[in-house]
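Pasted below: upload11.tsv, TSV, C-alpha atoms.
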chain	number	residue	atom	x	y	z
A	1	MET	CA	76.07	2.41	42.42
A	2	ASP	CA	72.43	2.94	43.34
A	3	CYS	CA	70.22	0.93	45.64
A	4	LEU	CA	68.32	-1.13	43.08
A	5	CYS	CA	71.23	-1.85	40.75
A	6	CYS	CA	74.34	-4.03	41.07
A	7	ALA	CA	74.02	-4.86	44.76
A	8	ASP	CA	75.04	-8.44	43.88
A	9	GLY	CA	76.68	-7.91	40.51
A	10	GLY	CA	73.27	-7.64	38.85
A	11	GLN	CA	72.13	-11.16	39.66
A	12	GLY	CA	68.95	-9.85	41.26
A	13	PRO	CA	66.69	-11.54	43.83
A	14	THR	CA	65.20	-14.93	43.02
A	15	SER	CA	61.57	-14.87	41.91
A	16	GLU	CA	59.25	-17.40	40.29
A	17	THR	CA	57.13	-14.71	38.68
A	18	GLU	CA	59.61	-11.95	37.71
A	19	PHE	CA	63.09	-11.40	36.33
A	20	LEU	CA	64.89	-8.85	38.49
A	21	GLY	CA	68.47	-8.78	37.25
A	22	SER	CA	70.37	-5.62	36.37
A	23	ILE	CA	72.91	-4.37	33.88
A	24	CYS	CA	75.97	-3.16	35.81
A	25	ASN	CA	78.78	-0.77	34.93
A	26	LEU	CA	81.10	-2.35	37.48
A	27	ASP	CA	84.69	-2.64	36.26
A	28	ASN	CA	85.78	-5.40	38.63
A	29	GLY	CA	84.70	-8.30	36.44
A	30	LYS	CA	81.89	-9.32	38.81
A	31	ALA	CA	78.94	-8.03	36.76
A	32	LYS	CA	76.68	-10.81	35.49
A	33	PHE	CA	75.26	-8.42	32.90
A	34	PRO	CA	77.99	-5.85	32.13
A	35	ALA	CA	77.06	-2.55	30.51
A	36	GLU	CA	78.16	-3.26	26.94
A	37	ASP	CA	77.17	-1.42	23.80
A	38	GLY	CA	74.84	-3.42	21.56
A	39	ARG	CA	74.63	-6.44	23.84
A	40	TYR	CA	71.03	-6.09	24.99
A	41	VAL	CA	67.60	-5.85	23.37
A	42	MET	CA	64.51	-4.37	25.00
A	43	TYR	CA	61.10	-5.53	23.83
A	44	VAL	CA	58.28	-3.01	24.14
A	45	ILE	CA	54.74	-2.26	23.01
A	46	ALA	CA	53.99	1.19	21.62
A	47	GLY	CA	51.28	2.68	23.83
A	48	CYS	CA	52.02	0.58	26.93
A	49	PRO	CA	52.65	2.93	29.90
A	50	PHE	CA	54.85	0.33	31.60
A	51	ALA	CA	57.07	-0.25	28.58
A	52	ALA	CA	57.18	3.52	28.12
A	53	ARG	CA	59.00	3.92	31.45
A	54	PRO	CA	62.43	2.55	30.46
A	55	TRP	CA	61.87	3.54	26.84
A	56	SER	CA	61.42	7.19	27.84
A	57	VAL	CA	64.58	7.11	29.99
A	58	LEU	CA	66.46	5.72	27.00
A	59	SER	CA	65.14	8.58	24.86
A	60	PHE	CA	65.78	11.21	27.53
A	61	TYR	CA	69.49	10.36	27.54
A	62	GLY	CA	69.67	9.89	23.78
A	63	ILE	CA	71.03	6.36	24.09
A	64	PRO	CA	70.91	4.77	20.60
A	65	SER	CA	67.93	2.43	20.30
A	66	ASN	CA	67.96	1.43	16.62
A	67	SER	CA	71.48	0.04	16.30
A	68	ASN	CA	72.68	-3.55	16.53
A	69	THR	CA	76.11	-2.46	17.80
A	70	HIS	CA	75.59	0.67	19.92
A	71	GLY	CA	73.40	1.53	22.88
A	72	LEU	CA	70.33	-0.59	23.62
A	73	ARG	CA	68.29	-1.93	20.71
A	74	VAL	CA	64.52	-1.49	21.12
A	75	ILE	CA	62.18	-3.90	19.34
A	76	LYS	CA	58.50	-3.04	19.09
A	77	LEU	CA	56.12	-5.99	19.20
A	78	PHE	CA	52.75	-5.75	17.46
A	79	PRO	CA	50.65	-3.42	19.69
A	80	ALA	CA	47.70	-5.76	20.08
A	81	ALA	CA	47.62	-9.27	21.51
A	82	HIS	CA	45.50	-12.32	20.83
A	83	ASP	CA	45.19	-15.65	22.63
A	84	ASP	CA	48.92	-16.37	22.63
A	85	GLY	CA	50.01	-12.94	23.87
A	86	TRP	CA	52.28	-10.31	22.35
A	87	PHE	CA	53.77	-11.29	19.01
A	88	LEU	CA	56.27	-10.29	16.33
A	89	GLN	CA	54.83	-12.49	13.61
A	90	PRO	CA	51.18	-13.58	13.38
A	91	VAL	CA	50.58	-17.31	13.66
A	92	SER	CA	46.88	-17.79	14.36
A	93	GLN	CA	44.01	-16.54	12.24
A	94	GLY	CA	43.08	-14.15	15.02
A	95	GLU	CA	46.55	-12.59	14.87
A	96	GLN	CA	46.37	-12.37	11.09
A	97	ASP	CA	43.06	-10.54	11.46
A	98	LEU	CA	44.64	-8.07	13.90
A	99	LEU	CA	47.47	-7.39	11.48
A	100	HIS	CA	45.03	-6.57	8.68
A	101	ALA	CA	42.78	-4.54	10.98
A	102	PHE	CA	45.72	-2.30	11.98
A	103	PRO	CA	47.95	-2.07	8.88
A	104	ASP	CA	49.72	1.06	10.12
A	105	ALA	CA	50.69	-0.37	13.51
A	106	LYS	CA	54.25	0.54	14.52
A	107	CYS	CA	56.15	-2.71	15.04
A	108	ASP	CA	59.19	-4.71	14.02
A	109	SER	CA	59.21	-8.17	12.52
A	110	LEU	CA	61.59	-10.99	11.74
A	111	THR	CA	60.77	-10.84	8.03
A	112	PRO	CA	59.55	-7.97	5.83
A	113	THR	CA	55.77	-7.75	5.54
A	114	PRO	CA	53.39	-5.72	3.38
A	115	GLU	CA	52.44	-3.87	6.57
A	116	GLY	CA	55.85	-2.22	6.68
A	117	CYS	CA	57.53	-4.04	9.57
A	118	THR	CA	61.31	-4.35	9.24
A	119	PRO	CA	63.65	-7.37	9.45
A	120	LEU	CA	65.82	-7.89	12.53
A	121	ASP	CA	69.24	-9.32	13.23
A	122	PRO	CA	68.87	-13.10	13.93
A	123	ARG	CA	71.59	-12.99	16.61
A	124	PHE	CA	69.00	-11.58	19.00
A	125	PHE	CA	67.28	-14.91	19.33
A	126	PRO	CA	68.26	-18.14	21.10
A	127	GLU	CA	66.99	-20.45	18.34
A	128	ASP	CA	66.54	-20.31	14.60
A	129	LYS	CA	64.89	-17.00	13.85
A	130	THR	CA	61.95	-18.62	12.04
A	131	THR	CA	60.80	-20.25	15.28
A	132	PHE	CA	60.45	-17.08	17.34
A	133	HIS	CA	57.19	-15.24	16.98
A	134	HIS	CA	55.79	-14.64	20.49
A	135	ILE	CA	57.33	-12.96	23.54
A	136	SER	CA	56.14	-15.94	25.60
A	137	GLN	CA	58.77	-18.09	23.87
A	138	LEU	CA	61.59	-15.99	25.32
A	139	TYR	CA	60.12	-16.39	28.81
A	140	GLU	CA	59.84	-20.13	28.34
A	141	PHE	CA	63.40	-20.37	26.98
A	142	ALA	CA	64.83	-18.35	29.89
A	143	LYS	CA	62.84	-20.18	32.56
A	144	PRO	CA	60.92	-23.30	31.46
A	145	GLY	CA	57.50	-23.41	33.08
A	146	PHE	CA	57.59	-19.70	33.96
A	147	GLN	CA	54.32	-18.83	35.72
A	148	GLY	CA	54.49	-15.04	35.83
A	149	ALA	CA	53.01	-12.54	33.39
A	150	LYS	CA	54.71	-12.78	29.99
A	151	SER	CA	54.78	-9.02	29.72
A	152	VAL	CA	56.71	-6.06	28.38
A	153	PRO	CA	59.07	-4.38	28.86
A	154	LEU	CA	61.54	-7.24	28.68
A	155	LEU	CA	65.34	-6.92	28.53
A	156	TRP	CA	67.10	-9.74	26.68
A	157	ASP	CA	70.83	-10.53	26.83
A	158	THR	CA	71.97	-11.61	23.35
A	159	LYS	CA	75.21	-13.15	24.67
A	160	SER	CA	73.88	-15.38	27.42
A	161	HIS	CA	70.46	-15.80	25.74
A	162	THR	CA	68.43	-15.09	28.81
A	163	ILE	CA	66.17	-12.44	30.31
A	164	VAL	CA	67.82	-9.78	32.44
A	165	SER	CA	64.69	-8.07	33.76
A	166	ASN	CA	61.02	-7.48	33.07
A	167	SER	CA	60.60	-4.87	35.81
A	168	SER	CA	59.63	-1.53	34.27
A	169	LEU	CA	60.89	0.42	37.28
A	170	GLY	CA	64.07	-1.62	37.62
A	171	LEU	CA	64.85	-1.25	33.92
A	172	SER	CA	64.30	2.49	34.10
A	173	GLU	CA	66.75	2.87	36.95
A	174	MET	CA	69.43	0.63	35.46
A	175	ILE	CA	69.33	2.55	32.16
A	176	ALA	CA	69.65	5.86	34.01
A	177	THR	CA	72.37	4.79	36.44
A	178	GLN	CA	74.27	1.99	34.69
A	179	MET	CA	74.05	2.80	30.97
A	180	ALA	CA	73.62	6.57	30.71
A	181	PRO	CA	77.01	7.43	32.29
A	182	THR	CA	78.83	5.87	29.31
A	183	MET	CA	76.20	5.79	26.54
A	184	ALA	CA	74.19	9.02	26.90
A	185	THR	CA	74.39	11.56	24.09
A	186	ARG	CA	72.37	14.28	25.85
A	187	ASN	CA	71.21	15.37	29.32
A	188	GLN	CA	74.25	13.76	30.95
A	189	HIS	CA	74.17	16.43	33.64
A	190	ILE	CA	70.68	15.47	34.83
A	191	ARG	CA	70.25	12.64	37.33
A	192	LEU	CA	66.75	11.21	36.99
A	193	PHE	CA	67.16	9.03	40.09
A	194	PRO	CA	68.36	10.45	43.41
A	195	SER	CA	70.88	8.15	45.07
A	196	CYS	CA	70.63	6.47	48.46
A	197	GLN	CA	74.34	5.54	48.42
A	198	THR	CA	75.50	8.84	49.82
A	199	ASP	CA	76.35	10.60	53.07
A	200	ASP	CA	74.41	13.67	51.94
A	201	GLU	CA	71.25	13.78	54.06
A	202	ASN	CA	69.47	16.02	51.54
A	203	GLU	CA	70.14	13.50	48.78
A	204	LYS	CA	68.85	10.68	50.97
A	205	GLN	CA	65.64	12.63	51.61
A	206	LEU	CA	65.27	13.27	47.88
A	207	TYR	CA	65.66	9.54	47.29
A	208	LEU	CA	62.90	8.71	49.77
A	209	GLN	CA	60.60	11.44	48.45
A	210	HIS	CA	61.13	10.29	44.89
A	211	LYS	CA	60.52	6.64	45.79
A	212	ASP	CA	57.28	7.55	47.56
A	213	LEU	CA	56.10	9.77	44.71
A	214	VAL	CA	56.75	6.99	42.18
A	215	LYS	CA	54.52	4.67	44.23
A	216	GLN	CA	51.81	7.35	44.39
A	217	ILE	CA	51.81	8.00	40.64
A	218	HIS	CA	51.75	4.27	39.94
A	219	SER	CA	48.76	3.72	42.23
A	220	LYS	CA	46.74	6.90	41.76
A	221	ILE	CA	47.34	7.53	38.05
A	222	THR	CA	48.93	4.70	36.05
A	223	THR	CA	46.95	1.74	37.37
A	224	ALA	CA	43.89	3.73	38.46
A	225	VAL	CA	42.51	3.92	34.91
A	226	TYR	CA	42.55	0.11	34.64
A	227	LYS	CA	40.72	-0.23	37.95
A	228	ILE	CA	38.15	2.36	36.89
A	229	ASN	CA	37.57	0.52	33.64
A	230	SER	CA	36.95	-2.80	35.39
A	231	VAL	CA	34.64	-1.66	38.21
A	232	THR	CA	30.98	-2.66	37.80
A	233	ASP	CA	29.35	-0.58	40.53
A	234	GLY	CA	28.27	2.88	39.36
A	235	GLY	CA	28.79	4.59	42.69
A	236	GLU	CA	32.23	3.09	43.12
A	237	HIS	CA	33.09	4.09	39.56
A	238	ASP	CA	32.19	7.73	40.23
A	239	ARG	CA	34.20	7.78	43.45
A	240	MET	CA	37.26	6.38	41.72
A	241	VAL	CA	36.96	8.90	38.88
A	242	ASN	CA	36.74	11.76	41.39
A	243	ASP	CA	39.81	10.47	43.20
A	244	TYR	CA	41.68	10.22	39.91
A	245	TYR	CA	41.00	13.81	38.86
A	246	SER	CA	41.66	15.04	42.38
A	247	ALA	CA	45.10	13.41	42.22
A	248	LEU	CA	45.77	15.06	38.85
A	249	GLU	CA	44.89	18.46	40.28
A	250	THR	CA	47.22	17.85	43.22
A	251	TYR	CA	50.14	16.96	40.96
A	252	GLN	CA	49.44	19.89	38.67
A	253	THR	CA	49.59	22.26	41.63
A	254	GLN	CA	52.78	20.58	42.83
A	255	ILE	CA	54.41	21.05	39.42
A	256	VAL	CA	53.52	24.74	39.30
A	257	ASP	CA	54.59	25.40	42.90
A	258	ASN	CA	57.92	23.57	42.46
A	259	GLY	CA	59.01	25.47	39.38
A	260	GLY	CA	58.10	23.19	36.48
A	261	TYR	CA	58.50	19.61	37.69
A	262	LEU	CA	57.14	17.46	40.48
A	263	MET	CA	60.27	17.76	42.60
A	264	GLY	CA	61.77	21.06	41.53
A	265	THR	CA	63.17	22.86	38.52
A	266	THR	CA	64.82	19.83	36.89
A	267	PRO	CA	63.11	16.61	35.80
A	268	LYS	CA	63.24	13.35	37.68
A	269	PHE	CA	62.13	9.91	36.60
A	270	VAL	CA	58.77	10.42	38.32
A	271	ASP	CA	58.01	13.21	35.82
A	272	LEU	CA	58.53	10.78	32.93
A	273	LEU	CA	56.37	8.27	34.78
A	274	LEU	CA	53.50	10.75	35.03
A	275	LEU	CA	53.91	11.88	31.43
A	276	ALA	CA	53.79	8.33	30.06
A	277	SER	CA	50.61	7.61	32.01
A	278	LEU	CA	48.88	10.75	30.76
A	279	VAL	CA	49.93	10.28	27.11
A	280	ARG	CA	48.55	6.72	27.29
A	281	LEU	CA	45.09	8.19	27.87
For this file, write the structure as structure tokens.
Amino acid sequence: MDCLCCADGGQGPTSETEFLGSICNLDNGKAKFPAEDGRYVMYVIAGCPFAARPWSVLSFYGIPSNSNTHGLRVIKLFPAAHDDGWFLQPVSQGEQDLLHAFPDAKCDSLTPTPEGCTPLDPRFFPEDKTTFHHISQLYEFAKPGFQGAKSVPLLWDTKSHTIVSNSSLGLSEMIATQMAPTMATRNQHIRLFPSCQTDDENEKQLYLQHKDLVKQIHSKITTAVYKINSVTDGGEHDRMVNDYYSALETYQTQIVDNGGYLMGTTPKFVDLLLLASLVRL
């Protein structure tokens, strides 16, 4: 059991702006969200670097993502949002226009459309399937009046009809530590997350180094491009761009010096984090 998962049976800390629960592979009957095949659905957006974090961990371990009964089903929302946020089915004229502007967009839908989206199992949804069209509805159903960002990734429990988590980092760790041990079909021998629940001092140091590196990549690479895009001062823009490319050069050198990955000769989650941020560009 790792530090960010299952400390309280997966209940997670209380928050008004986030869902921080966790799937748990505990066998003592105390898990709020037990690690069960086919029970959960993860909503993502193709191209979103935050949704790509748990999605890439799922892929790394070969956990089935297109089955209603095995692994963890992944549902792709339409990869562009309008006034009402991310959607599965267009409701407003603006959303209809987006659908026609991007006819080849990779997404799923509740009903077949000329754009090629595929139908989904209605058991995923808390109400009649014809009423669910925006991700915001799941947030409102799980916590009426929810004030946080109605974002992806989002992990939905089809049995209790509630949100488990919308933390991209938390979801990544729970997939790697709570689902992969029983559901992985490849790379079972590779641990993407070092553990802090150990007496091994080297492992504890790896955990701290990995945690710090994840924070660095998030700040200097993943979110830096958004900050650069929003800055209005030319001088500040140039400084931020220089810092960004300087950070990339540092990480490139680190990868070469360490034998192929940021922390050595085998991949860690932080490598997937960096990759997702770079592919997004």
Q.
Nearest residue to Ser15 of chain A out of A:Ala247, A:Asn258, A:Arg39, A:Lys143, using all atoms listed in the file?
A.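 Among the listed residues, the smallest separation from Ser15 of chain A belongs to A:Lys143.
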Q | Minimum-distance residue to Gln188 of chain A, chosen among A:Glu16, A:Asn202, A:Ala176, A:Gly264 (using all atoms listed in the file) | A |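 The shortest atom-to-atom distance to Gln188 of chain A comes from A:Ala176.
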Q. Expressed in Å to a single decimal, how great is the separation between atom CA of Phe19 of chain A and atom CA of His218 of chain A?
A. 19.7 Å
(Q) I'd like the interatomic distance between atom CA of Asp238 of chain A and atom CA of Leu275 of chain A, to a tenth of an Å. (A) 23.8 Å
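As for atom CA of Arg53 of chain A and atom CA of Arg280 of chain A, they are spaced 11.6 Å apart.
Using all atoms listed in the file, the shortest contact distance between Gly47 of chain A and any of A:Leu206, A:Val152, A:Ile135, A:Ala142 is found at A:Val152.
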Dump as a tab-separated table the rows for residues of segment 86-106 of chain A within 8 Å of segment 58-79 of chain A: closest atom pair and distance in Å with one decimal, all atoms listed in the file counted, ordered by chain and rising residue number.
residue	atom	partner	partner_atom	distance
A:Trp86	CA	A:Leu77	CA	6.6
A:Phe87	CA	A:Leu77	CA	5.8
A:Leu88	CA	A:Leu77	CA	5.2
A:Ala105	CA	A:Pro79	CA	6.9
A:Lys106	CA	A:Phe78	CA	7.1
Q. Could you tell me, as a list in words, which residues have any atom at most 8 Å from (53.5, 9.4, 35.5), counting only C-alpha atoms?
A. Val214, Ile217, His218, Ile221, Thr222, Val270, Asp271, Leu272, Leu273, Leu274, Leu275, Ala276, Ser277 and Leu278 of chain A
Q) With all atoms listed in the file as the atoms that count, which of A:Leu20, A:Val164, A:Ala46, A:Met263 lies nearest to Lys211 of chain A? A) A:Met263
Please, could all heavy atoms be added to segment 157-168 of chain A and the result written as a tab-separated table (two decimals), keeping the file's coordinate frame?
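What ended up in rebuild30.tsv:
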chain	number	residue	atom	x	y	z
A	157	ASP	N	69.38	-10.52	27.00
A	157	ASP	CA	70.83	-10.53	26.83
A	157	ASP	C	71.16	-11.43	25.64
A	157	ASP	O	70.94	-12.64	25.68
A	157	ASP	CB	71.49	-11.07	28.11
A	157	ASP	CG	73.00	-11.09	28.02
A	157	ASP	OD1	73.55	-10.74	26.96
A	157	ASP	OD2	73.64	-11.47	29.02
A	158	THR	N	71.70	-10.84	24.56
A	158	THR	CA	71.97	-11.61	23.35
A	158	THR	C	73.19	-12.52	23.47
A	158	THR	O	73.38	-13.41	22.65
A	158	THR	CB	72.19	-10.67	22.14
A	158	THR	OG1	73.38	-9.89	22.33
A	158	THR	CG2	71.01	-9.73	21.95
A	159	LYS	N	74.03	-12.30	24.49
A	159	LYS	CA	75.21	-13.15	24.67
A	159	LYS	C	74.89	-14.40	25.48
A	159	LYS	O	75.31	-15.51	25.13
A	159	LYS	CB	76.35	-12.36	25.32
A	159	LYS	CG	77.03	-11.38	24.37
A	159	LYS	CD	78.32	-10.84	24.96
A	159	LYS	CE	79.06	-9.95	23.96
A	159	LYS	NZ	80.33	-9.41	24.51
A	160	SER	N	74.19	-14.22	26.58
A	160	SER	CA	73.88	-15.38	27.42
A	160	SER	C	72.51	-15.97	27.09
A	160	SER	O	72.13	-16.99	27.66
A	160	SER	CB	73.93	-15.00	28.90
A	160	SER	OG	72.99	-13.99	29.20
A	161	HIS	N	71.77	-15.33	26.16
A	161	HIS	CA	70.46	-15.80	25.74
A	161	HIS	C	69.54	-16.05	26.92
A	161	HIS	O	69.03	-17.15	27.13
A	161	HIS	CB	70.59	-17.07	24.89
A	161	HIS	CG	71.13	-16.81	23.52
A	161	HIS	ND1	71.69	-17.79	22.72
A	161	HIS	CD2	71.22	-15.66	22.80
A	161	HIS	CE1	72.09	-17.26	21.58
A	161	HIS	NE2	71.80	-15.97	21.60
A	162	THR	N	69.35	-15.00	27.69
A	162	THR	CA	68.43	-15.09	28.81
A	162	THR	C	67.83	-13.71	29.09
A	162	THR	O	68.27	-12.70	28.55
A	162	THR	CB	69.13	-15.62	30.08
A	162	THR	OG1	68.14	-15.97	31.06
A	162	THR	CG2	70.07	-14.56	30.67
A	163	ILE	N	66.82	-13.68	29.93
A	163	ILE	CA	66.17	-12.44	30.31
A	163	ILE	C	66.92	-11.81	31.47
A	163	ILE	O	67.24	-12.48	32.46
A	163	ILE	CB	64.70	-12.68	30.70
A	163	ILE	CG1	63.90	-13.19	29.50
A	163	ILE	CG2	64.06	-11.41	31.26
A	163	ILE	CD1	62.50	-13.67	29.85
A	164	VAL	N	67.21	-10.52	31.34
A	164	VAL	CA	67.82	-9.78	32.44
A	164	VAL	C	66.75	-9.33	33.42
A	164	VAL	O	66.82	-9.57	34.62
A	164	VAL	CB	68.61	-8.56	31.93
A	164	VAL	CG1	69.22	-7.79	33.11
A	164	VAL	CG2	69.67	-8.98	30.94
A	165	SER	N	65.74	-8.64	32.89
A	165	SER	CA	64.69	-8.07	33.76
A	165	SER	C	63.42	-7.82	32.95
A	165	SER	O	63.48	-7.55	31.75
A	165	SER	CB	65.18	-6.76	34.38
A	165	SER	OG	64.15	-6.13	35.14
A	166	ASN	N	62.29	-7.93	33.64
A	166	ASN	CA	61.02	-7.48	33.07
A	166	ASN	C	60.32	-6.51	34.03
A	166	ASN	O	59.10	-6.35	33.98
A	166	ASN	CB	60.10	-8.65	32.72
A	166	ASN	CG	59.64	-9.44	33.94
A	166	ASN	OD1	60.21	-9.34	35.03
A	166	ASN	ND2	58.59	-10.24	33.76
A	167	SER	N	61.12	-5.86	34.87
A	167	SER	CA	60.60	-4.87	35.81
A	167	SER	C	60.71	-3.49	35.17
A	167	SER	O	61.82	-3.01	34.91
A	167	SER	CB	61.39	-4.90	37.11
A	167	SER	OG	61.16	-3.74	37.89
A	168	SER	N	59.59	-2.84	34.94
A	168	SER	CA	59.63	-1.53	34.27
A	168	SER	C	60.37	-0.49	35.11
A	168	SER	O	61.11	0.33	34.56
A	168	SER	CB	58.20	-1.05	33.97
A	168	SER	OG	57.46	-0.85	35.16
